[in-house]
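This report concerns only the one structure given below.
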Amino acid sequence: MSRPLQVAFFGECMLELQGAPFGDMHQTMGGDTWNSAIYLRRCTPRPAVSVHYASALGDDPLSQQMLARWASAGLELGLVQRIPGRLPGLYLIELAPNGERAFHFWRGQSAARAYFDAAVTPLEAGEAEIDLLYLSGISLAILDGAARERLFALMGRLRARGAQVVFDNNYRPRLWPSRAEACAVFDRAFSLASTVLITLDDHQLLYGHASLVEAQTAAQALSAPEIVIKRGAEPTLVRAAGEAWVEVATERVERVVDTTAAGDSFGAGYLSRRLCGASSAEAAAFGNRLAARVIQHPGAVIPLEAMQDLMEA
């Protein structure tokens, strides 16, 4: 029997608060790569696929509770670091009536930012077993320059031995000292990835393209073997290595409740089907289906029962 595929997500999971300022708050957790890891775990068969989350937490009770919940959700914890004295990051979500959200962050001293402070991280120590590494623009934004260089070196070593490297272009301007620095970092990530997941308006915002058409043209010209371009409600564009571009329709929903994790869930849905042998178009169709389900529920990670039929599919 072949060994399970080892998929590792690198990034930051934070405590999440939802509610009106000075009103009742609902506490949970979330973060772009963590959201994707949870959805991938739900949508891939066990034990054929093992899903690891590489991040850092503190030695406080909140961190311990977060770890317990990660484990109960099926994530492997061998790539997690515990850093004494550090705490998880925190963010607050305010929802508008149309489902769009505003975020407020307290993450400057979060444990995840110090992941590469160790001489050798669990991710680097275990790289020989990793078949797919998934990271995002936010994963890169929380690191300093030296840590990014180590992560880029890891990406290069993985690609060199034939492992997959997936980069999701989540771009949050407030996390970067300048757009020029962000552009340089994203250029490196795009060049090292085997699959890139692009949210088109993020690409336009980062590179200063005058229109979405210009941003799309630039995205389609990237050298990555596999490119997925998410265009909101417009059809998703996909191109696998050696194939032509294909448009994949999105799914319409009657009411959008919360767009949090729409892109995160799409990426997980897409990869879940690619790992199971589906074509890029089939994978994008499933990703769109999962994202449409997610935005009809509040919060980043929807209840299991709300997507049970998709998991069974």
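If you're wondering about the labels, chains in the structure tokens are A, B, ... by order shown, residues count from 1 in each chain, ligands from 1 in order shown.
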
DSSP strand (DSSP E or B) residues within segment 191-265 of chain A, as a ChimeraX atom specification:
/A:195-199,226-231,234-239,246-248

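Using only C-alpha atoms, the protein and nucleic acid residues lying no more than 8 Å from Ser110 of chain A, apart from those fewer than 2 places from it along its own chain, are Leu57, Arg86, Leu87, Pro88, Gly89, Arg107, Gly108, Ala112, Arg113 and Ala114 of chain A.
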
Just want the 12 Å neighbourhood of Ala119 of chain A, counted on only C-alpha atoms, with same-chain residues fewer than 6 positions away dropped. Output as a PDB file with C-alpha atoms, in the first residue's frame.
ATOM      1  CA  ALA A 125      12.850  19.200   9.417  1.00  0.00           C
ATOM      2  CA  ALA A 146      15.096  36.372   6.618  1.00  0.00           C
ATOM      3  CA  ALA A 147      12.158  34.076   7.371  1.00  0.00           C
ATOM      4  CA  ARG A 150      14.000  30.354   4.291  1.00  0.00           C
TER       5      ARG A 150
END

Got a sec: who's within 9 Å of Leu62 of chain A, counting only C-alpha atoms, leaving out chain neighbours fewer than 3 positions off, as a ChimeraX atom specification?
/A:15,58-59,65-67,87-88

Write the residues of the selection above to a file with all heavy atoms, as a CSV table (one decimal), in the first residue's frame.
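Below is the file that was written, selection_6.csv:
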chain,number,residue,atom,x,y,z
A,15,LEU,N,-7.6,33.8,16.8
A,15,LEU,CA,-8.9,33.8,17.4
A,15,LEU,C,-9.8,34.8,16.7
A,15,LEU,O,-9.3,35.9,16.2
A,15,LEU,CB,-8.7,34.3,18.9
A,15,LEU,CG,-8.0,33.3,19.8
A,15,LEU,CD1,-7.6,34.0,21.1
A,15,LEU,CD2,-8.8,32.1,20.0
A,58,GLY,N,1.3,29.8,21.3
A,58,GLY,CA,2.0,30.0,22.6
A,58,GLY,C,1.8,28.9,23.5
A,58,GLY,O,1.4,27.8,23.1
A,59,ASP,N,2.2,29.1,24.8
A,59,ASP,CA,2.0,28.1,25.8
A,59,ASP,C,0.8,28.4,26.8
A,59,ASP,O,0.8,27.9,27.9
A,59,ASP,CB,3.3,27.9,26.6
A,59,ASP,CG,3.8,29.2,27.2
A,59,ASP,OD1,3.2,30.3,27.0
A,59,ASP,OD2,4.8,29.2,28.0
A,65,GLN,N,-6.2,25.2,23.8
A,65,GLN,CA,-7.6,24.9,23.3
A,65,GLN,C,-7.6,24.9,21.8
A,65,GLN,O,-8.3,24.1,21.2
A,65,GLN,CB,-8.6,25.9,23.9
A,65,GLN,CG,-8.9,25.7,25.3
A,65,GLN,CD,-9.7,24.4,25.6
A,65,GLN,OE1,-10.6,24.0,24.8
A,65,GLN,NE2,-9.3,23.7,26.6
A,66,MET,N,-6.9,25.8,21.2
A,66,MET,CA,-6.9,25.8,19.7
A,66,MET,C,-6.3,24.6,19.2
A,66,MET,O,-6.8,23.9,18.2
A,66,MET,CB,-6.1,27.1,19.2
A,66,MET,CG,-6.8,28.4,19.5
A,66,MET,SD,-5.7,29.8,19.1
A,66,MET,CE,-5.7,29.8,17.3
A,67,LEU,N,-5.2,24.1,19.7
A,67,LEU,CA,-4.5,22.9,19.3
A,67,LEU,C,-5.5,21.7,19.4
A,67,LEU,O,-5.6,20.8,18.5
A,67,LEU,CB,-3.3,22.6,20.1
A,67,LEU,CG,-2.0,23.2,19.7
A,67,LEU,CD1,-0.9,22.9,20.6
A,67,LEU,CD2,-1.6,22.8,18.2
A,87,LEU,N,1.4,34.7,22.2
A,87,LEU,CA,-0.1,34.4,22.1
A,87,LEU,C,-0.6,34.3,20.7
A,87,LEU,O,0.1,34.8,19.8
A,87,LEU,CB,-0.8,35.6,22.8
A,87,LEU,CG,-0.6,35.8,24.3
A,87,LEU,CD1,-1.2,37.1,24.7
A,87,LEU,CD2,-1.3,34.6,25.1
A,88,PRO,N,-1.7,33.7,20.5
A,88,PRO,CA,-2.3,33.7,19.1
A,88,PRO,C,-2.7,35.2,18.8
A,88,PRO,O,-3.0,36.0,19.6
A,88,PRO,CB,-3.6,32.8,19.3
A,88,PRO,CG,-3.5,32.2,20.6
A,88,PRO,CD,-2.6,33.0,21.4

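Of the residues listed (A:Thr28, A:Pro21, A:Gly85, A:Cys43), A:Cys43 shows the shortest atom-to-atom separation from Cys276 of chain A; distances use only C-alpha atoms.
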
Contacts of segment 174-185 of chain A at 9 Å (only C-alpha atoms; same-chain gap of 5+ positions) as a ChimeraX atom specification
/A:137-138,140-142,148,190,206-207
